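Below: one structure, written as structure tokens.
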Amino acid sequence: MGTGSGHRLGRAFGWLWGAYGTSALGTWLAFGALPLIAIRVLDAGPAEVSALACAGAAVGAAVAVPLGPWTEFRPKRPVLIAMDLVRCAALLTVPAAFALGVLTFLQLLLVSVVVSAADITFRAASGAYLKTLLPAGELLVANARFESTAWTTTIIGPPLGGAMTGIFGPVVTVLADAVSYLLSALGIHAIGGHEPRPEKRPAGRPEERSDGQTEGRPEAVRMRAGDLLDGWRYVLADGTLRPLFFNTALFNGLVMATQPLLAVLMLGRLGFAPWQYGLAFAVPSIGGLLGSRLAGPLVARFGQREVLAGAGALRALWPVGLAFVGPGTGGLVLVMGVELGLIFCCGVFNPVYATCRLGLTAADRVARTLSAWAVTTKASTALLTAVWGVLGTLLGPRTAIALAGVLLLATPLLLPRRLPDRARAHS
């Protein structure tokens with residue numbers, strides 16, 4: 001299997017990759033724009049800004065729960081286009097309401113919920129679509145390219161978005177994000193071709209009619225309540241997916257839960273300037289770009305299971321170092337070094353893990369599984385962020401960061417001990 005940057009994956013993947021990069025750049029251009037609008041335009045306080053960040057993601061995850069089963073039995077490309085257009089339309093309401101002078105905090109919260117739910121649905125549908133678009137042997141190359149693009153836009157987007165915000169204001173960056181989703185929808189539409197027909201929903205149990213007779217009712221007519229849990233049932237029943245699921249949910253949640261505390265520590269007690277805080281996280285993103293480019297060659301040399309276990313263990317070693325950050329140049333260098341190591345390991349781990357997950361998941365279960373996965377990740381991140389906010393208040397931010405770092409050291413124990421053949425990226 002070719003893993004270099006010159007490995008061609010075809011025109012259809014090229015459009016999908018371009019659409020992903022465009023929307024990812026738009027997202028990073030507008031990073032933090034909604035909270036900034038809430039603060040500057042609506043005079044929102046800390047409680048409202050926190051609600052916008054946490055409640056928007058949590059409620060959006062809840063809204064997305066029925067969308068996974070709904071997506072499973074429909075062609076994925078129209079779903080991708082629809083989710084892009086939904087996100088575009090939701091975000092466009094912000095500059096429109098601002099121009100008319102009728103913007104409210106409730107509207108910002110609703111936009112956050114809609115975008116969060118559409119994000120989850122888009123990711124689930126895109127994973128299912130990618131599995132039909134490419135053979136198993138090319139999935140690792142594709143996932144590595146997505147990962148590389150994600151880190152590239154992370155490096156470019158926030159500084160450019162910050163400059164745009166400084167010159168034009170945060171509403172303009174929201175408009176740019178909306179346009180990026182429109183361009184993404186156009187790119188996915190340009191793929192064209194015919195998508196394999198999704199599996200039909202199996203027939204339901206016979207139901208009693210009003211005349212006392214029974215008849216079989218196709219499941220496509222109405223979704224059962226039990227369908228909402230199909231993704232979780234599938235993950236928890238699989239001996240390899242289950243530990244990988246808990247590992248990623250716990251790792252991502254604990255890492256993200258420490259970010260507000262680190263901001264309080266660095267920007268408050270340690271006296272770092274905002275530009276120094278931004279630099280501490282922007283520069284290390286280069287590690288993600290390098291790691292994603294090495295994922296394929298490392299798998300080719302050492303094997304998928306070995307790289308998954310090695311990168312998964314190494315990424316857990318870094319975060320505890322953030323508890324020792326001090327003031328001045330030394331503290332800034334420490335944060336940048338820790339983040340560089342963490343992000344590099346994540347850059348290697350993420351495409352390998354995404355490829356394993358697709359390989360382990362049956363074709364007619366991908367959308368439901370990925371949707372359940374994303375919902376759980378968002379919900380666990382919101383919950384752990386709230387818990388660590390309380391711990392930071394009771395114990396102090398440094399102690400709470402150290403506690404999260406120690407718990408992260410145990411997350412490699414949740415990685416699967418072996419990978420079935422169906423999980424592997426075949427050469």
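Residue numbering restarts at 1 in every chain; chains get A, B, ... in the order shown in the structure tokens, and ligands count up from 1 in that same order.
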
All residues 6 Å or closer to range 14-28 of chain A, only C-alpha atoms, same chain fewer than 4 positions away omitted, as number ranges by chain: A: 153, 157-158, 177, 180-181, 184, 187-188

Output N, CA and C atoms for every residue in the selection just made, as a PDB file, in the first residue's frame.
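The result, written out as selection_23.pdb:
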```pdb
ATOM      1  N   THR A 153      -5.047  23.236   9.016  1.00  0.00           N
ATOM      2  CA  THR A 153      -6.029  24.308   9.217  1.00  0.00           C
ATOM      3  C   THR A 153      -5.996  24.830  10.655  1.00  0.00           C
ATOM      4  N   GLY A 157      -5.710  28.614  10.554  1.00  0.00           N
ATOM      5  CA  GLY A 157      -7.001  29.237  10.795  1.00  0.00           C
ATOM      6  C   GLY A 157      -7.063  30.253  11.924  1.00  0.00           C
ATOM      7  N   PRO A 158      -6.686  29.887  13.164  1.00  0.00           N
ATOM      8  CA  PRO A 158      -6.829  30.841  14.277  1.00  0.00           C
ATOM      9  C   PRO A 158      -6.067  32.155  14.095  1.00  0.00           C
ATOM     10  N   ASP A 177     -17.264  31.289   7.915  1.00  0.00           N
ATOM     11  CA  ASP A 177     -17.510  29.882   8.250  1.00  0.00           C
ATOM     12  C   ASP A 177     -18.736  29.361   7.507  1.00  0.00           C
ATOM     13  N   SER A 180     -17.869  28.673   3.989  1.00  0.00           N
ATOM     14  CA  SER A 180     -17.045  27.460   3.851  1.00  0.00           C
ATOM     15  C   SER A 180     -17.913  26.207   3.785  1.00  0.00           C
ATOM     16  N   TYR A 181     -19.010  26.183   4.518  1.00  0.00           N
ATOM     17  CA  TYR A 181     -19.919  25.035   4.454  1.00  0.00           C
ATOM     18  C   TYR A 181     -20.654  24.988   3.116  1.00  0.00           C
ATOM     19  N   SER A 184     -18.192  23.594   0.745  1.00  0.00           N
ATOM     20  CA  SER A 184     -18.055  22.161   1.005  1.00  0.00           C
ATOM     21  C   SER A 184     -19.204  21.394   0.367  1.00  0.00           C
ATOM     22  N   GLY A 187     -18.620  21.148  -3.286  1.00  0.00           N
ATOM     23  CA  GLY A 187     -17.569  20.178  -3.588  1.00  0.00           C
ATOM     24  C   GLY A 187     -18.066  18.749  -3.518  1.00  0.00           C
ATOM     25  N   ILE A 188     -18.856  18.430  -2.502  1.00  0.00           N
ATOM     26  CA  ILE A 188     -19.397  17.070  -2.372  1.00  0.00           C
ATOM     27  C   ILE A 188     -20.379  16.784  -3.504  1.00  0.00           C
TER      28      ILE A 188
END
```

Could you pull out the residues in range 64-205 of chain A that DSSP calls alpha helix (DSSP H) from the backbone, as a count of residues only? 113

Find, counting only C-alpha atoms, the residue in A:Val172, A:Gly392, A:Val63, A:Leu139 that gets nearest to Phe98 in chain A.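 Closest to Phe98 in chain A, using only C-alpha atoms: A:Val172.
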
Could you give me, as a VMD selection string, the residues within 10 Å of Pro243 in chain A, counting only C-alpha atoms and dropping anything in the same chain fewer than 2 positions from it? chain A and resid 235 to 236 238 to 241 245 to 249 411 to 417

Selected residue of minimal separation from Gly68 in chain A among A:Gly162, A:Gly127, A:Gly169, A:Pro196, counting only C-alpha atoms: A:Gly127
